[in-house]
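The structure appears below as structure tokens.
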Amino acid sequence: MIPDVSQALSWLEKHPQALKGIQRGLERETLRVNADGSLATTGHAAALGSALTHKWITTDFAEALLEFITPVDGDIDHMLTIMRDIHRYTARQIGDERMWPLSMPCYIKDGQDIELAQYGTSNIGRLKTLYREGLKNRYGALMQTISGVHYNFSLPMAFWEAKSGSTDKESVSEGYFRLIRNYYRFGWVIPYLFGASPAICPSFLQGKPTTLPFERTANGMYYLPYATSLRLSDLGYTNKSQSNLGITFNNLHDYVVALKRAIKTPSEEYAKIGLKKEGKYLQINTNILQIENELYAPIRPKRVTRSGETPSDALLRGGIEYIEVRSLDINPFTAIGVDEQQVRFLDLFMVWCVLADAPEMSSDELLCTRTNWNRVILEGRKPGLTLGIGCETAQFPLAQVGKDLFSDLKRVAQTLDGVYGGKEYEKVCDQLVASFDDPELTFSARILRSMIDNGIGGTGKALGDQYRSQLREEPLEILLEEDFIAECKASLARQAEVEAGDTESFEALLARHA
């Protein structure tokens, strides 16, 4: 089932320096909760500056949903220390509140009471809040409180120069699209290893029927015994109306055309919601996607946008600059939601994905890859579980596929260790490959044991308390208090500048998004 990567691996071993200069960044979402585990109802802390313009600390869907962003970094330890500093500083600024250490929320009774993130009075700030209003009205607020970690990754230009003899936007984008197609085919390995949401609070269903064969504990928690990441299931971050958009990942032009078409395609379902009610806007427009970010995908091609530029226009201008991996649950075993082992594994897997042959995929085959993901998401630890290739009927044991993949990753690890020194990448391979013979080593199995004993609430509260104490007591290491104070002031000044610079009415801005 695993493509033959031996030639490409031999090439890599002859050109190890092509991997010197990998760049990464992390984004971590987390709900602010009270000491009892209930969702915080306070606004974004003043000491954290402007959620619209702060470089490191913003909000996602709700006022209570924090998002932490590291700068682009070539050093894993440095990046993780900065992420920890952001957590340390924030823990000191939010009083008695905690950062919820799990992907799935708990203790949220009525999604309609969740305050949407607020970004000030500028047109762009109001548009960001209206987009969230649209998400709430389309999918329900509760789904939007699910948290995850995003990992941004780019290969150095020296890699593309050595691999294809060119660094123009077409050839680099072609390489990243190969990575993306392989990610769709084999990325289920991420929820298998690191999925950490095998259970949900009963309040998450809000009385809605589900066809999933949940088991229920004495404390009322719903779980699937072999599930890995319900966050990635149909209960979580998916949107069925997006499954037939015809978006493929074969070349830059077709991808952007299909994405732009979705933003302009009217939706009967969302038209029923309406645009306005009693003078209040309900969504940006009634199209399948309000804006490009609404496309739910486990991985995205990205380029840093210029002022006023859409993500797809940025891609057209300069091609793919980096990719964003979006399938990581919050890691509940660390205070910052992600650890070094995961980052190193993702480095290895991304390099493998860009090396392995990846035939072009039709939108139908793209949908077929979802079958493997769903199996792993809902029953990944089930003994004897098998996976298929695309839309073919042949099946292969997951454990064997995983071990075959890791025999390739081990060679990538040895090359990376040769470039960066030490044996850290090889160590990660040796640690993780054991999970295919013993699924009890996976994140989902480990966290489920605690959840069955203590419930999601008990597990989340205990970890939240532990991490709050840890983070508040630890000294800052790289970003110091004066850095945070300066960025708070600078972010507020930038927001005021944006608000003063508006030259058109909000209605005119909305008309451009119709």
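By order of appearance in the structure tokens: chains A, B, ..., then residues from 1 within every chain, and ligands from 1 in the order shown.
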Can you list every residue in range 374-464 of chain A that DSSP puts in alpha helix (DSSP H), as an MDAnalysis selection string?
chainID A and resid 374:379 398:420 424:437 443:464
Skip range 279-290 of chain A itself and residues of its chain fewer than 4 positions away, then list as number ranges by chain all residues within 8 Å of it, counting only C-alpha atoms.
A: 127, 130-135, 137, 241-242, 262-268, 270-271, 273-275, 294-295, 510, 513-514
Can you spit out the residues from that selection as an mmCIF file, in the first residue's frame, using N, CA, C and O atoms?
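Below you can see part05.cif, which holds the result:
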data_model
loop_
_atom_site.group_PDB
_atom_site.id
_atom_site.type_symbol
_atom_site.label_atom_id
_atom_site.label_comp_id
_atom_site.auth_asym_id
_atom_site.auth_seq_id
_atom_site.Cartn_x
_atom_site.Cartn_y
_atom_site.Cartn_z
ATOM 1 N N LEU A 127 -16.007 42.561 10.203
ATOM 2 C CA LEU A 127 -16.171 41.458 9.262
ATOM 3 C C LEU A 127 -15.752 40.131 9.897
ATOM 4 O O LEU A 127 -16.402 39.095 9.695
ATOM 5 N N LEU A 130 -18.552 39.093 12.122
ATOM 6 C CA LEU A 130 -19.704 38.657 11.323
ATOM 7 C C LEU A 130 -19.456 37.279 10.713
ATOM 8 O O LEU A 130 -20.370 36.452 10.637
ATOM 9 N N TYR A 131 -18.246 37.022 10.272
ATOM 10 C CA TYR A 131 -17.897 35.691 9.761
ATOM 11 C C TYR A 131 -18.200 34.634 10.816
ATOM 12 O O TYR A 131 -18.782 33.583 10.532
ATOM 13 N N ARG A 132 -17.846 34.923 12.068
ATOM 14 C CA ARG A 132 -18.114 33.989 13.167
ATOM 15 C C ARG A 132 -19.611 33.867 13.441
ATOM 16 O O ARG A 132 -20.097 32.788 13.772
ATOM 17 N N GLU A 133 -20.340 34.967 13.283
ATOM 18 C CA GLU A 133 -21.808 34.910 13.395
ATOM 19 C C GLU A 133 -22.362 33.940 12.346
ATOM 20 O O GLU A 133 -23.256 33.131 12.622
ATOM 21 N N GLY A 134 -21.817 34.027 11.135
ATOM 22 C CA GLY A 134 -22.229 33.118 10.069
ATOM 23 C C GLY A 134 -21.913 31.668 10.402
ATOM 24 O O GLY A 134 -22.733 30.766 10.174
ATOM 25 N N LEU A 135 -20.724 31.423 10.948
ATOM 26 C CA LEU A 135 -20.358 30.059 11.347
ATOM 27 C C LEU A 135 -21.325 29.529 12.401
ATOM 28 O O LEU A 135 -21.765 28.380 12.341
ATOM 29 N N ASN A 137 -24.450 30.452 12.902
ATOM 30 C CA ASN A 137 -25.768 30.212 12.327
ATOM 31 C C ASN A 137 -25.781 29.031 11.369
ATOM 32 O O ASN A 137 -26.814 28.390 11.177
ATOM 33 N N SER A 241 -21.605 19.831 3.213
ATOM 34 C CA SER A 241 -21.956 20.570 1.996
ATOM 35 C C SER A 241 -20.708 20.925 1.184
ATOM 36 O O SER A 241 -20.802 21.307 0.033
ATOM 37 N N GLN A 242 -19.525 20.783 1.812
ATOM 38 C CA GLN A 242 -18.288 21.107 1.092
ATOM 39 C C GLN A 242 -17.719 19.900 0.349
ATOM 40 O O GLN A 242 -16.762 20.034 -0.412
ATOM 41 N N ALA A 262 -16.367 28.244 -5.192
ATOM 42 C CA ALA A 262 -17.148 27.924 -3.993
ATOM 43 C C ALA A 262 -17.561 29.185 -3.239
ATOM 44 O O ALA A 262 -18.633 29.243 -2.638
ATOM 45 N N ILE A 263 -16.709 30.209 -3.281
ATOM 46 C CA ILE A 263 -17.018 31.455 -2.572
ATOM 47 C C ILE A 263 -18.135 32.221 -3.284
ATOM 48 O O ILE A 263 -18.814 33.035 -2.670
ATOM 49 N N LYS A 264 -18.310 31.934 -4.563
ATOM 50 C CA LYS A 264 -19.332 32.650 -5.337
ATOM 51 C C LYS A 264 -20.569 31.787 -5.633
ATOM 52 O O LYS A 264 -21.502 32.257 -6.275
ATOM 53 N N THR A 265 -20.566 30.519 -5.185
ATOM 54 C CA THR A 265 -21.694 29.623 -5.474
ATOM 55 C C THR A 265 -22.764 29.760 -4.400
ATOM 56 O O THR A 265 -22.489 29.500 -3.222
ATOM 57 N N PRO A 266 -23.983 30.172 -4.770
ATOM 58 C CA PRO A 266 -25.042 30.332 -3.763
ATOM 59 C C PRO A 266 -25.432 28.982 -3.143
ATOM 60 O O PRO A 266 -25.329 27.940 -3.784
ATOM 61 N N SER A 267 -25.853 29.035 -1.894
ATOM 62 C CA SER A 267 -26.309 27.844 -1.184
ATOM 63 C C SER A 267 -27.770 28.018 -0.799
ATOM 64 O O SER A 267 -28.127 28.982 -0.117
ATOM 65 N N GLU A 268 -28.599 27.092 -1.243
ATOM 66 C CA GLU A 268 -30.025 27.159 -0.866
ATOM 67 C C GLU A 268 -30.177 27.056 0.643
ATOM 68 O O GLU A 268 -30.985 27.759 1.260
ATOM 69 N N TYR A 270 -28.102 27.908 3.072
ATOM 70 C CA TYR A 270 -27.702 29.097 3.831
ATOM 71 C C TYR A 270 -28.552 30.307 3.458
ATOM 72 O O TYR A 270 -28.661 31.259 4.246
ATOM 73 N N ALA A 271 -29.166 30.264 2.270
ATOM 74 C CA ALA A 271 -30.091 31.344 1.902
ATOM 75 C C ALA A 271 -31.287 31.357 2.852
ATOM 76 O O ALA A 271 -31.865 32.413 3.135
ATOM 77 N N ILE A 273 -31.252 30.886 5.967
ATOM 78 C CA ILE A 273 -30.886 31.614 7.193
ATOM 79 C C ILE A 273 -31.160 33.103 7.017
ATOM 80 O O ILE A 273 -31.590 33.786 7.941
ATOM 81 N N GLY A 274 -30.905 33.581 5.789
ATOM 82 C CA GLY A 274 -31.070 35.007 5.503
ATOM 83 C C GLY A 274 -29.800 35.777 5.800
ATOM 84 O O GLY A 274 -28.873 35.281 6.436
ATOM 85 N N LEU A 275 -29.756 37.015 5.323
ATOM 86 C CA LEU A 275 -28.582 37.861 5.545
ATOM 87 C C LEU A 275 -28.725 38.748 6.779
ATOM 88 O O LEU A 275 -27.746 39.083 7.425
ATOM 89 N N GLU A 294 -13.373 29.308 5.403
ATOM 90 C CA GLU A 294 -14.453 28.416 5.837
ATOM 91 C C GLU A 294 -14.293 27.014 5.268
ATOM 92 O O GLU A 294 -14.979 26.088 5.705
ATOM 93 N N LEU A 295 -13.405 26.838 4.303
ATOM 94 C CA LEU A 295 -13.167 25.507 3.741
ATOM 95 C C LEU A 295 -12.481 24.650 4.805
ATOM 96 O O LEU A 295 -11.337 24.896 5.163
ATOM 97 N N LEU A 510 -19.153 44.722 2.621
ATOM 98 C CA LEU A 510 -19.962 43.505 2.491
ATOM 99 C C LEU A 510 -20.372 43.257 1.042
ATOM 100 O O LEU A 510 -20.398 42.105 0.589
ATOM 101 N N HIS A 513 -18.067 41.274 -0.819
ATOM 102 C CA HIS A 513 -18.017 39.859 -0.425
ATOM 103 C C HIS A 513 -19.295 39.103 -0.794
ATOM 104 O O HIS A 513 -19.488 37.972 -0.363
ATOM 105 N N ALA A 514 -20.163 39.735 -1.552
ATOM 106 C CA ALA A 514 -21.459 39.105 -1.855
ATOM 107 C C ALA A 514 -21.267 37.899 -2.763
ATOM 108 O O ALA A 514 -20.338 37.846 -3.548
#
Counting only C-alpha atoms, what is within 12 Å of Ala46 in chain A, bar same-chain residues fewer than 6 positions away, as number ranges by chain?
A: 54, 57-58, 90, 93-95, 484-485, 488-489, 491-492
Output C-alpha atoms for every residue in that selection, as an mmCIF file, in the first residue's frame.
data_model
loop_
_atom_site.group_PDB
_atom_site.id
_atom_site.type_symbol
_atom_site.label_atom_id
_atom_site.label_comp_id
_atom_site.auth_asym_id
_atom_site.auth_seq_id
_atom_site.Cartn_x
_atom_site.Cartn_y
_atom_site.Cartn_z
ATOM 1 C CA HIS A 54 -1.330 41.074 18.363
ATOM 2 C CA ILE A 57 -1.998 36.103 21.078
ATOM 3 C CA THR A 58 -5.386 36.346 19.413
ATOM 4 C CA THR A 90 -1.183 34.317 29.541
ATOM 5 C CA GLN A 93 -2.983 37.397 33.076
ATOM 6 C CA ILE A 94 -6.243 35.420 33.235
ATOM 7 C CA GLY A 95 -6.626 35.303 37.005
ATOM 8 C CA PHE A 484 4.646 41.240 26.097
ATOM 9 C CA ILE A 485 3.898 44.693 27.535
ATOM 10 C CA CYS A 488 0.269 44.777 23.959
ATOM 11 C CA LYS A 489 0.735 48.541 23.491
ATOM 12 C CA SER A 491 -1.097 45.936 19.019
ATOM 13 C CA LEU A 492 -3.565 48.454 20.468
#
Skipping near chain neighbours, those fewer than 3 positions away, what residues fall within 8 Å of range 106-121 of chain A using only C-alpha atoms, listed as a CSV table (one decimal) with N, CA and C atoms, in the first residue's frame?
chain,number,residue,atom,x,y,z
A,37,GLY,N,-14.4,24.3,35.5
A,37,GLY,CA,-14.4,23.7,34.1
A,37,GLY,C,-15.4,24.3,33.2
A,38,SER,N,-16.3,25.2,33.7
A,38,SER,CA,-17.3,25.8,32.8
A,38,SER,C,-16.6,26.9,32.0
A,39,LEU,N,-17.2,27.2,30.8
A,39,LEU,CA,-16.6,28.2,29.9
A,39,LEU,C,-16.6,29.6,30.5
A,41,THR,N,-16.9,33.5,30.8
A,41,THR,CA,-17.7,34.5,30.2
A,41,THR,C,-17.1,35.9,30.2
A,50,SER,N,-4.6,43.7,21.7
A,50,SER,CA,-5.6,43.6,20.7
A,50,SER,C,-5.7,42.3,20.0
A,51,ALA,N,-6.8,41.6,20.1
A,51,ALA,CA,-6.9,40.3,19.4
A,51,ALA,C,-6.9,40.4,17.9
A,52,LEU,N,-7.1,41.6,17.4
A,52,LEU,CA,-7.1,41.9,15.9
A,52,LEU,C,-5.6,41.9,15.4
A,59,THR,N,-7.7,35.6,19.3
A,59,THR,CA,-8.8,34.7,19.6
A,59,THR,C,-9.3,34.1,18.3
A,60,ASP,N,-10.0,33.0,18.5
A,60,ASP,CA,-10.5,32.3,17.3
A,60,ASP,C,-12.0,32.6,17.2
A,61,PHE,N,-12.8,31.6,17.4
A,61,PHE,CA,-14.3,31.8,17.2
A,61,PHE,C,-14.9,32.6,18.3
A,62,ALA,N,-14.5,32.4,19.5
A,62,ALA,CA,-15.2,33.0,20.6
A,62,ALA,C,-14.2,33.9,21.4
A,63,GLU,N,-14.8,34.8,22.2
A,63,GLU,CA,-14.0,35.6,23.1
A,63,GLU,C,-13.2,34.7,24.0
A,64,ALA,N,-13.8,33.6,24.4
A,64,ALA,CA,-13.1,32.7,25.4
A,64,ALA,C,-12.2,31.7,24.7
A,65,LEU,N,-12.0,31.7,23.3
A,65,LEU,CA,-11.2,30.8,22.6
A,65,LEU,C,-9.9,31.5,22.2
A,125,GLY,N,-12.4,44.3,11.5
A,125,GLY,CA,-12.7,43.7,12.8
A,125,GLY,C,-14.2,43.3,12.8
A,126,ARG,N,-15.1,44.1,12.3
A,126,ARG,CA,-16.5,43.8,12.3
A,126,ARG,C,-16.8,42.6,11.3
A,128,LYS,N,-14.7,40.2,10.7
A,128,LYS,CA,-14.2,38.9,11.4
A,128,LYS,C,-15.3,38.4,12.3
A,129,THR,N,-15.9,39.3,13.1
A,129,THR,CA,-17.0,38.9,14.0
A,129,THR,C,-18.2,38.4,13.2
A,132,ARG,N,-17.8,34.9,12.1
A,132,ARG,CA,-18.1,34.0,13.2
A,132,ARG,C,-19.6,33.9,13.4
A,133,GLU,N,-20.3,35.0,13.3
A,133,GLU,CA,-21.8,34.9,13.4
A,133,GLU,C,-22.4,33.9,12.3
A,140,GLY,N,-23.7,25.9,14.1
A,140,GLY,CA,-23.8,25.8,15.6
A,140,GLY,C,-22.6,26.3,16.3
A,141,ALA,N,-22.7,27.0,17.4
A,141,ALA,CA,-21.6,27.6,18.1
A,141,ALA,C,-20.7,26.5,18.7
A,142,LEU,N,-21.4,25.4,19.1
A,142,LEU,CA,-20.6,24.4,19.9
A,142,LEU,C,-19.5,23.8,19.1
A,200,ILE,N,-16.8,12.4,24.2
A,200,ILE,CA,-17.5,13.7,24.3
A,200,ILE,C,-18.3,13.8,25.5
A,201,CYS,N,-18.5,15.0,25.9
A,201,CYS,CA,-19.6,15.3,27.0
A,201,CYS,C,-20.9,15.1,26.4
A,203,SER,N,-23.4,16.9,26.8
A,203,SER,CA,-24.0,18.2,26.4
A,203,SER,C,-23.5,18.6,25.0
A,204,PHE,N,-22.5,18.0,24.5
A,204,PHE,CA,-22.0,18.3,23.1
A,204,PHE,C,-23.0,18.0,22.1
A,206,GLN,N,-26.3,18.0,22.5
A,206,GLN,CA,-27.4,18.9,22.6
A,206,GLN,C,-28.7,18.2,22.2
A,456,ILE,N,-14.7,13.4,31.3
A,456,ILE,CA,-14.0,14.4,30.5
A,456,ILE,C,-13.8,15.6,31.5
A,457,GLY,N,-14.8,16.0,32.2
A,457,GLY,CA,-14.7,17.1,33.1
A,457,GLY,C,-13.6,16.9,34.2
A,495,GLN,N,-4.3,48.6,16.1
A,495,GLN,CA,-5.8,48.5,15.9
A,495,GLN,C,-6.4,49.9,15.7
A,499,GLU,N,-8.6,51.3,12.6
A,499,GLU,CA,-9.9,51.9,12.7
A,499,GLU,C,-10.0,53.3,12.2
Given only C-alpha atoms as the basis, pick out the residue of A:Val498, A:Leu9, A:Leu26, A:Ile247 nearest to Leu80 in chain A.
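Among A:Val498, A:Leu9, A:Leu26, A:Ile247, it is A:Leu26 that comes nearest to Leu80 in chain A.
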Choose the residue, out of A:His78, A:Lys461, A:His15, A:Arg261, that has the smallest atom-to-atom separation from Pro105 in chain A; count only C-alpha atoms.
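Of A:His78, A:Lys461, A:His15, A:Arg261, the one nearest Pro105 in chain A is A:Lys461, counting only C-alpha atoms.
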Pick out the closest residue to Trp56 in chain A from this set: A:Leu19, A:Val149, A:Val257, A:Ile69. Count only C-alpha atoms.
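Of A:Leu19, A:Val149, A:Val257, A:Ile69, the one nearest Trp56 in chain A, counting only C-alpha atoms, is A:Ile69.
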Got a sec: who's within 10 Å of Phe186 in chain A, counting only C-alpha atoms, leaving out chain neighbours fewer than 3 positions off, as a PyMOL selection string?
chain A and resi 1-2+180-183+189-190+349+353+369+372-373+389+401-402+405
Put those residues in a file: N, CA, C and O atoms, as a tab-separated table (two decimals), in the first residue's frame.
chain	number	residue	atom	x	y	z
A	1	MET	N	0.83	-1.22	0.00
A	1	MET	CA	0.00	0.00	0.00
A	1	MET	C	0.86	1.26	0.00
A	1	MET	O	0.51	2.28	-0.57
A	2	ILE	N	2.01	1.18	0.68
A	2	ILE	CA	2.93	2.33	0.72
A	2	ILE	C	3.67	2.39	-0.63
A	2	ILE	O	4.19	1.37	-1.09
A	180	ILE	N	0.61	17.34	-0.38
A	180	ILE	CA	-0.79	17.38	0.07
A	180	ILE	C	-1.55	16.12	-0.36
A	180	ILE	O	-2.32	15.54	0.42
A	181	ARG	N	-1.33	15.67	-1.60
A	181	ARG	CA	-2.03	14.45	-2.06
A	181	ARG	C	-1.62	13.24	-1.21
A	181	ARG	O	-2.46	12.42	-0.84
A	182	ASN	N	-0.33	13.14	-0.90
A	182	ASN	CA	0.10	12.04	-0.04
A	182	ASN	C	-0.45	12.18	1.37
A	182	ASN	O	-0.73	11.18	2.03
A	183	TYR	N	-0.59	13.42	1.82
A	183	TYR	CA	-1.18	13.66	3.14
A	183	TYR	C	-2.62	13.14	3.18
A	183	TYR	O	-3.04	12.51	4.15
A	189	VAL	N	-2.37	8.62	9.70
A	189	VAL	CA	-1.41	8.20	10.73
A	189	VAL	C	-1.34	9.22	11.86
A	189	VAL	O	-1.04	8.87	13.01
A	190	ILE	N	-1.69	10.49	11.58
A	190	ILE	CA	-1.63	11.53	12.61
A	190	ILE	C	-2.70	11.32	13.68
A	190	ILE	O	-2.38	11.25	14.87
A	349	PHE	N	7.31	13.12	8.42
A	349	PHE	CA	6.18	12.74	7.57
A	349	PHE	C	6.02	13.71	6.39
A	349	PHE	O	5.74	13.30	5.27
A	353	CYS	N	6.19	12.73	2.53
A	353	CYS	CA	5.07	13.05	1.63
A	353	CYS	C	5.53	13.78	0.38
A	353	CYS	O	4.95	13.63	-0.69
A	369	THR	N	-10.49	8.83	-0.06
A	369	THR	CA	-9.46	8.82	0.98
A	369	THR	C	-10.07	9.07	2.35
A	369	THR	O	-9.52	8.66	3.37
A	372	ASN	N	-10.57	5.93	4.77
A	372	ASN	CA	-9.49	5.52	5.68
A	372	ASN	C	-9.43	6.42	6.91
A	372	ASN	O	-9.28	5.95	8.04
A	373	TRP	N	-9.53	7.73	6.67
A	373	TRP	CA	-9.51	8.67	7.80
A	373	TRP	C	-10.64	8.34	8.78
A	373	TRP	O	-10.42	8.28	9.99
A	389	ILE	N	-6.83	1.52	-0.55
A	389	ILE	CA	-6.15	2.52	-1.36
A	389	ILE	C	-7.19	3.21	-2.22
A	389	ILE	O	-7.83	2.57	-3.05
A	401	VAL	N	0.78	-1.41	7.46
A	401	VAL	CA	1.00	-0.18	6.68
A	401	VAL	C	1.80	0.81	7.52
A	401	VAL	O	2.75	1.45	7.03
A	402	GLY	N	1.43	0.95	8.78
A	402	GLY	CA	2.14	1.86	9.68
A	402	GLY	C	3.61	1.51	9.81
A	402	GLY	O	4.49	2.38	9.73
A	405	LEU	N	5.49	2.30	6.61
A	405	LEU	CA	5.73	3.74	6.53
A	405	LEU	C	6.93	4.12	7.41
A	405	LEU	O	7.82	4.87	6.99
Provide the CA of Gln342 in chain A to CA of Glu324 in chain A distance in Å, to one decimal place.
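Atom-to-atom, CA of Gln342 in chain A and CA of Glu324 in chain A are spaced 14.5 Å apart.
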Pick the closest to Ala45 in chain A from A:Leu66, A:Leu378, A:Val412, A:Ile336: which is it, counting only C-alpha atoms?
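Looking only at the distances to Ala45 in chain A, the closest residue turns out to be A:Leu66.
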Contacts of Pro359 in chain A at 12 Å (only C-alpha atoms; same-chain gap of 6+ positions) as a ChimeraX atom specification:
/A:3,174,177-182,184-185,249-251,365-366,390
Can you check which residues of range 94-325 of chain A DSSP gives as strand (DSSP E or B) on the backbone and send them as a ChimeraX atom specification?
/A:98-99,116,148-154,197,199-200,215-216,222-223,229,266,276-277,280-281,287,299-302,322-325
Those same residues, written as a short mmCIF file (atom, residue, chain, number, x, y, z; two decimals), in the first residue's frame with N, CA, C and O atoms?
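Result written to out.cif:
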data_model
loop_
_atom_site.label_atom_id
_atom_site.label_comp_id
_atom_site.auth_asym_id
_atom_site.auth_seq_id
_atom_site.Cartn_x
_atom_site.Cartn_y
_atom_site.Cartn_z
N ARG A 98 -8.48 28.95 33.75
CA ARG A 98 -7.52 27.97 33.25
C ARG A 98 -7.62 27.88 31.74
O ARG A 98 -8.61 28.29 31.16
N MET A 99 -6.62 27.25 31.12
CA MET A 99 -6.69 26.92 29.70
C MET A 99 -7.12 25.46 29.58
O MET A 99 -6.46 24.58 30.14
N LEU A 116 -19.23 35.71 20.70
CA LEU A 116 -18.32 35.67 19.55
C LEU A 116 -17.12 36.57 19.80
O LEU A 116 -17.21 37.57 20.52
N GLY A 148 -7.76 22.84 18.41
CA GLY A 148 -6.71 22.01 17.84
C GLY A 148 -5.40 22.75 17.79
O GLY A 148 -5.26 23.89 18.26
N VAL A 149 -4.42 22.09 17.19
CA VAL A 149 -3.09 22.68 16.97
C VAL A 149 -2.82 22.65 15.47
O VAL A 149 -3.08 21.64 14.81
N HIS A 150 -2.35 23.75 14.94
CA HIS A 150 -1.96 23.81 13.53
C HIS A 150 -0.43 23.90 13.45
O HIS A 150 0.19 24.64 14.23
N TYR A 151 0.12 23.14 12.51
CA TYR A 151 1.58 23.08 12.35
C TYR A 151 1.90 23.56 10.94
O TYR A 151 1.40 23.01 9.95
N ASN A 152 2.67 24.63 10.85
CA ASN A 152 3.04 25.21 9.55
C ASN A 152 4.46 24.77 9.20
O ASN A 152 5.36 24.81 10.05
N PHE A 153 4.65 24.38 7.94
CA PHE A 153 5.91 23.74 7.54
C PHE A 153 6.32 24.20 6.16
O PHE A 153 5.51 24.27 5.23
N SER A 154 7.61 24.54 6.01
CA SER A 154 8.12 24.83 4.66
C SER A 154 9.53 24.27 4.52
O SER A 154 10.31 24.24 5.46
N SER A 197 -9.10 12.70 21.31
CA SER A 197 -10.50 13.05 21.59
C SER A 197 -11.41 11.84 21.29
O SER A 197 -12.23 11.88 20.39
N ALA A 199 -13.73 10.72 23.19
CA ALA A 199 -14.98 10.81 23.96
C ALA A 199 -15.53 12.24 23.91
O ALA A 199 -14.81 13.17 23.58
N ILE A 200 -16.82 12.36 24.23
CA ILE A 200 -17.45 13.69 24.27
C ILE A 200 -18.34 13.80 25.51
O ILE A 200 -18.82 12.80 26.04
N GLU A 215 -20.74 4.20 23.53
CA GLU A 215 -20.92 3.58 24.84
C GLU A 215 -20.97 4.72 25.85
O GLU A 215 -20.47 5.81 25.58
N ARG A 216 -21.59 4.44 27.00
CA ARG A 216 -21.78 5.51 27.98
C ARG A 216 -21.25 5.08 29.34
O ARG A 216 -21.50 3.95 29.78
N TYR A 222 -19.97 10.00 26.73
CA TYR A 222 -20.09 9.16 25.55
C TYR A 222 -18.69 8.90 24.98
O TYR A 222 -17.89 9.82 24.86
N TYR A 223 -18.43 7.64 24.60
CA TYR A 223 -17.14 7.35 23.97
C TYR A 223 -17.27 6.17 23.02
O TYR A 223 -18.23 5.38 23.10
N SER A 229 -9.96 10.32 17.32
CA SER A 229 -10.15 11.78 17.25
C SER A 229 -11.56 12.12 16.79
O SER A 229 -11.79 12.37 15.61
N PRO A 266 -23.98 30.17 -4.77
CA PRO A 266 -25.04 30.33 -3.76
C PRO A 266 -25.43 28.98 -3.14
O PRO A 266 -25.33 27.94 -3.78
N LYS A 276 -29.97 39.10 7.07
CA LYS A 276 -30.21 40.07 8.13
C LYS A 276 -31.51 39.73 8.84
O LYS A 276 -32.46 39.24 8.22
N LYS A 277 -31.55 40.00 10.14
CA LYS A 277 -32.79 39.81 10.89
C LYS A 277 -32.88 40.92 11.92
O LYS A 277 -31.96 41.12 12.72
N LYS A 280 -29.92 43.09 12.24
CA LYS A 280 -28.63 42.49 12.61
C LYS A 280 -28.19 41.52 11.51
O LYS A 280 -28.96 40.67 11.07
N TYR A 281 -26.93 41.67 11.07
CA TYR A 281 -26.39 40.76 10.06
C TYR A 281 -26.23 39.35 10.63
O TYR A 281 -25.80 39.18 11.78
N ASN A 287 -23.44 32.23 0.30
CA ASN A 287 -22.74 31.29 -0.57
C ASN A 287 -22.25 30.07 0.22
O ASN A 287 -22.27 30.08 1.45
N ILE A 299 -5.50 19.88 5.72
CA ILE A 299 -4.23 20.48 5.35
C ILE A 299 -4.53 21.58 4.34
O ILE A 299 -5.46 21.46 3.54
N ARG A 300 -3.78 22.68 4.39
CA ARG A 300 -4.02 23.80 3.46
C ARG A 300 -2.71 24.29 2.86
O ARG A 300 -1.71 24.42 3.58
N PRO A 301 -2.72 24.60 1.55
CA PRO A 301 -1.58 25.31 0.97
C PRO A 301 -1.69 26.78 1.32
O PRO A 301 -2.77 27.36 1.26
N LYS A 302 -0.57 27.42 1.70
CA LYS A 302 -0.65 28.80 2.19
C LYS A 302 0.47 29.66 1.62
O LYS A 302 1.53 29.18 1.26
N TYR A 322 4.14 27.70 2.12
CA TYR A 322 4.22 26.71 3.20
C TYR A 322 2.90 25.96 3.24
O TYR A 322 1.93 26.34 2.59
N ILE A 323 2.87 24.89 4.01
CA ILE A 323 1.61 24.18 4.18
C ILE A 323 1.22 24.18 5.67
O ILE A 323 2.09 24.25 6.56
N GLU A 324 -0.08 24.14 5.90
CA GLU A 324 -0.62 24.17 7.27
C GLU A 324 -1.30 22.83 7.55
O GLU A 324 -2.29 22.49 6.91
N VAL A 325 -0.74 22.07 8.48
CA VAL A 325 -1.32 20.79 8.91
C VAL A 325 -2.33 21.08 10.02
O VAL A 325 -1.99 21.72 11.01
#
